[in-house]
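Enquirer: Quick one: structure below, then a few questions.
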Amino acid sequence: MDKTMTICFTNNKGGSGKSTTCSNLGAAMARAGKKVLLVDGDMQLNLSLSFFSEDKVLEMAAGEKNLYYAIGKQQDLTDFIVHTAYPNLDLIPSSTLMSSIEYELFTKWQRELILRKCLQKIKDSGVYDYILIDAPPTLGGWVMNILCASDRVIIPVEASPWGMFGLANMFDFLNDVKQIAPELMVMGVVLTKVDTRKNYFRQTMETFQEMPDIHLFDTLIRVDSSIEWSQDSSAPVVEFKKSSRSAGEYMELAKEVMEYGSR
């Protein structure tokens with residue numbers, strides 16, 4: 001790969017594991033020697049909380065060094081980057097004020113392209129191998145903004161009875177976005193919170209086998225308490241407990257994504 005690739009993590013259903021996948025995939029890529037910038041696009045701040053304490057995250061959210069402030073001013077995002085405790089891994093934090101971003105963008109000129117413009121200098125610099133953006137669980141103008149700023153999309157899907165609910169709407173929305181950003185491509189779906197003993201896991205797999213146009217990553221992210229403990233410690237599981245099953249799965253998923261993305 002000879003240029004920065006921007007990957008968005010999105011699903012309009014909450015609880016799909018977007019933030020967890022984004023944070024751990026980024027950390028796994030960084031462990032593999034890639035330079036990674038994470039962008040927290042969600043007012044819930046979960047991506048930021050994956051690397052910093054609650055007090056620190058709220059401090060950044062209340063200040064002027066966060067994505068909300070930058071988007072409001074339509075500023076280059078370079079000055080909003082903060083370093084995490086891990087080599088090769090940086091973050092642009094979010095703010096709870098992102099809840100009003102849809103309204104604030106409504107009257108802006110070329111509002112769907114504002115994030116793309118704010119990221120352009122960073123992307124053109126080639127400093128990062130990957131920019132990973134965590135999108136909120138909605139379908140609207142801000143998510144469209146995130147998608148228009150991305151090269152690829154990864155859709156985390158919970159392997160549960162309701163995990164597939166709304167996925168058709170997600171793909172319809174992506175087709176609409178491609179009218180504005182025709183170069184945008186879906187890299188694939190990653191199954192999360194998997195319990196291979198359950199019937200609904202098999203049903204989920206069978207459903208995707210009937211959808212040959214959608215790439216399903218081979219790596220499954222299984223249910224693992226290590227993930228919850230790592231989140232409680234504000235650390236990605238690939239750093240918090242390197243020997244855990246989930247850490248190994250995220251490292252394998254990172255290999256898949258890097259290999260698939262280099263095609």
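Chain identifiers are assigned as A, B, and so on, following the order in which chains appear in the structure tokens; residues are numbered from 1 within each chain, and ligands are numbered from 1 in order of appearance.
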Considering only C-alpha atoms, tabulate each residue of range 68-115 of chain A that lies at most 8 Å from range 148-162 of chain A along with its nearest interatomic pair and the corresponding distance in Å to one decimal; arrange the rows by chain and ascending residue number and present them as a Markdown table.

Expert:
```
| residue | atom | partner | partner_atom | distance |
| --- | --- | --- | --- | --- |
| A:Glu112 | CA | A:Cys148 | CA | 6.8 |
| A:Leu113 | CA | A:Cys148 | CA | 6.3 |
| A:Leu115 | CA | A:Ala149 | CA | 6.0 |
```

Enquirer: Can I get the selected residues back with N, CA and C atoms, as a PDB file, in the first residue's frame?

Expert:
```pdb
ATOM      1  N   GLU A 112     -21.727  17.235   2.976  1.00  0.00           N
ATOM      2  CA  GLU A 112     -21.335  15.816   2.995  1.00  0.00           C
ATOM      3  C   GLU A 112     -19.822  15.627   2.910  1.00  0.00           C
ATOM      4  N   LEU A 113     -19.097  16.668   2.529  1.00  0.00           N
ATOM      5  CA  LEU A 113     -17.659  16.538   2.274  1.00  0.00           C
ATOM      6  C   LEU A 113     -16.791  17.259   3.302  1.00  0.00           C
ATOM      7  N   LEU A 115     -15.889  16.515   6.506  1.00  0.00           N
ATOM      8  CA  LEU A 115     -14.885  15.687   7.171  1.00  0.00           C
ATOM      9  C   LEU A 115     -13.769  15.316   6.202  1.00  0.00           C
TER      10      LEU A 115
END
```

Enquirer: Please list as number ranges by chain every residue within 9 Å of Asn46 in chain A, counting only C-alpha atoms and excluding residues in the same chain fewer than 4 positions away.

Expert: A: 19-20, 40, 42, 50, 94

Enquirer: Okay, now the selection with all heavy atoms, as an mmCIF file, in the first residue's frame?

Expert:
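New file out21.cif:
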```
data_model
loop_
_atom_site.group_PDB
_atom_site.id
_atom_site.type_symbol
_atom_site.label_atom_id
_atom_site.label_comp_id
_atom_site.auth_asym_id
_atom_site.auth_seq_id
_atom_site.Cartn_x
_atom_site.Cartn_y
_atom_site.Cartn_z
ATOM 1 N N SER A 19 -17.141 0.137 17.914
ATOM 2 C CA SER A 19 -16.035 0.801 18.611
ATOM 3 C C SER A 19 -14.980 -0.199 19.060
ATOM 4 O O SER A 19 -13.778 0.063 18.975
ATOM 5 C CB SER A 19 -16.565 1.584 19.819
ATOM 6 O OG SER A 19 -17.511 2.548 19.428
ATOM 7 N N THR A 20 -15.426 -1.358 19.539
ATOM 8 C CA THR A 20 -14.496 -2.392 19.985
ATOM 9 C C THR A 20 -13.663 -2.900 18.824
ATOM 10 O O THR A 20 -12.441 -3.095 18.949
ATOM 11 C CB THR A 20 -15.270 -3.561 20.629
ATOM 12 O OG1 THR A 20 -16.096 -3.057 21.675
ATOM 13 C CG2 THR A 20 -14.317 -4.596 21.198
ATOM 14 N N ASP A 40 -12.682 9.344 16.443
ATOM 15 C CA ASP A 40 -13.909 9.028 17.175
ATOM 16 C C ASP A 40 -15.035 9.931 16.680
ATOM 17 O O ASP A 40 -15.102 11.105 17.024
ATOM 18 C CB ASP A 40 -13.679 9.231 18.677
ATOM 19 C CG ASP A 40 -14.816 8.659 19.523
ATOM 20 O OD1 ASP A 40 -15.876 8.336 18.949
ATOM 21 O OD2 ASP A 40 -14.646 8.539 20.750
ATOM 22 N N ASP A 42 -18.323 9.406 17.232
ATOM 23 C CA ASP A 42 -19.553 9.080 17.949
ATOM 24 C C ASP A 42 -19.640 9.865 19.255
ATOM 25 O O ASP A 42 -18.680 9.907 20.029
ATOM 26 C CB ASP A 42 -19.588 7.577 18.228
ATOM 27 C CG ASP A 42 -20.940 7.088 18.722
ATOM 28 O OD1 ASP A 42 -21.829 7.926 18.998
ATOM 29 O OD2 ASP A 42 -21.113 5.868 18.841
ATOM 30 N N SER A 50 -11.599 3.863 24.951
ATOM 31 C CA SER A 50 -10.794 2.650 24.771
ATOM 32 C C SER A 50 -9.324 2.897 25.052
ATOM 33 O O SER A 50 -8.550 1.944 25.199
ATOM 34 C CB SER A 50 -10.952 2.122 23.336
ATOM 35 O OG SER A 50 -12.294 1.797 23.058
ATOM 36 N N SER A 94 -13.602 12.546 20.465
ATOM 37 C CA SER A 94 -14.934 13.052 20.164
ATOM 38 C C SER A 94 -15.426 13.952 21.292
ATOM 39 O O SER A 94 -14.694 14.285 22.215
ATOM 40 C CB SER A 94 -15.902 11.888 19.948
ATOM 41 O OG SER A 94 -17.154 12.351 19.483
#
```

Enquirer: I'd like the contact shell of Asp176 in chain A - 12 Å cut-off, only C-alpha atoms, skipping same-chain residues fewer than 4 positions apart - returned as a ChimeraX atom specification.

Expert: /A:139-141,143-144,147-148,169-172,180-182,184

Enquirer: I want to know what sits within 8 Å of range 224-240 of chain A, based on only C-alpha atoms, with residues of the same chain fewer than 4 positions away left out; could you give that as an MDAnalysis selection string?

Expert: chainID A and resid 23:24 27:28 49:53 193 244:248 250:251

Enquirer: So what do you get for CA of Thr6 in chain A versus CA of Lys123 in chain A, distance-wise?

Expert: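 Atom-to-atom, CA of Thr6 in chain A to CA of Lys123 in chain A, that is 8.4 Å.
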
Enquirer: Between CA of Asp90 in chain A and CA of Gly63 in chain A, what is the spacing in Å?

Expert: 18.1 Å

Enquirer: Nearest to Val194 in chain A: which of A:Leu77, A:Met211, A:Leu220, A:Leu174 is it, counting only C-alpha atoms?

Expert: A:Leu220

Enquirer: Determine, counting only C-alpha atoms, which protein, DNA and RNA residues have an atom within 8 Å of an atom of Lys35 in chain A; residues of the same chain fewer than 3 positions away are not included. Present the result as a list of chain:residue names.

Expert: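 With the cut-off at 8 Å, the set is A:Met29, A:Ala30, A:Asn88, A:Leu89, A:Val127, A:Tyr128, A:Asp129, A:Tyr130.
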
Enquirer: Measuring atom to atom with only C-alpha atoms, identify which of A:Met43, A:Leu105, A:Val177, A:Leu25 is nearest to Ile221 in chain A.

Expert: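 Residue with the minimum atom-to-atom distance to Ile221 in chain A: A:Leu25.
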
Enquirer: What does the distance from CA of Val57 in chain A to CA of Ser100 in chain A come to in Å, to one decimal?

Expert: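 Atom-to-atom, CA of Val57 in chain A and CA of Ser100 in chain A are spaced 18.6 Å apart.
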
Enquirer: Would you please work out which residue, of A:Thr192, A:Tyr86, A:Glu183, A:Glu210, is nearest to Arg222 in chain A when using only C-alpha atoms?

Expert: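 Checking each candidate against Arg222 in chain A, we get A:Thr192 as the closest.
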
Enquirer: Compare A:Thr219, A:Gly41, A:Ser48, A:Pro93 by their minimum atom-to-atom distance to Asn66 in chain A, counting only C-alpha atoms, and give me the closest one.

Expert: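 For Asn66 in chain A, the nearest of the candidates is A:Pro93.
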
Enquirer: Could you list, as a compact mmCIF listing (two decimals) with N, CA and C atoms, in the first residue's frame, every residue within 10 Å of Tyr69 in chain A, counting only C-alpha atoms and ignoring same-chain residues fewer than 4 positions away?

Expert:
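Output below, filename out-v2.txt:
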```txt
# COMPACT_ATOMS: atom_id res chain seq x y z
N ALA A 61 -13.40 16.22 25.69
CA ALA A 61 -14.71 16.47 25.09
C ALA A 61 -15.22 17.87 25.41
N ALA A 62 -14.88 18.37 26.59
CA ALA A 62 -15.37 19.68 27.01
C ALA A 62 -14.50 20.82 26.48
N GLY A 63 -13.33 20.50 25.98
CA GLY A 63 -12.41 21.52 25.52
C GLY A 63 -12.54 21.79 24.03
N GLU A 64 -11.43 22.20 23.44
CA GLU A 64 -11.44 22.56 22.01
C GLU A 64 -10.58 21.61 21.18
N LYS A 65 -10.06 20.55 21.81
CA LYS A 65 -9.23 19.61 21.06
C LYS A 65 -10.02 18.33 20.82
N LYS A 73 -15.54 24.38 13.03
CA LYS A 73 -14.69 25.43 12.47
C LYS A 73 -14.18 25.07 11.07
N GLN A 74 -14.47 23.83 10.65
CA GLN A 74 -13.98 23.30 9.37
C GLN A 74 -12.46 23.46 9.27
N GLN A 75 -11.78 23.03 10.32
CA GLN A 75 -10.33 23.16 10.40
C GLN A 75 -9.63 21.87 10.03
N LEU A 77 -7.50 18.80 10.62
CA LEU A 77 -7.52 18.00 11.85
C LEU A 77 -6.14 17.72 12.44
N PHE A 80 -5.56 18.47 16.07
CA PHE A 80 -6.49 17.86 17.02
C PHE A 80 -6.08 16.42 17.37
N SER A 94 -13.60 12.55 20.46
CA SER A 94 -14.93 13.05 20.16
C SER A 94 -15.43 13.95 21.29
N SER A 95 -16.70 14.34 21.18
CA SER A 95 -17.34 15.17 22.20
C SER A 95 -18.80 14.78 22.30
N LEU A 97 -21.06 16.77 22.43
CA LEU A 97 -21.77 17.75 21.62
C LEU A 97 -21.98 17.28 20.18
N MET A 98 -21.36 16.16 19.83
CA MET A 98 -21.58 15.60 18.49
C MET A 98 -23.06 15.26 18.26
```
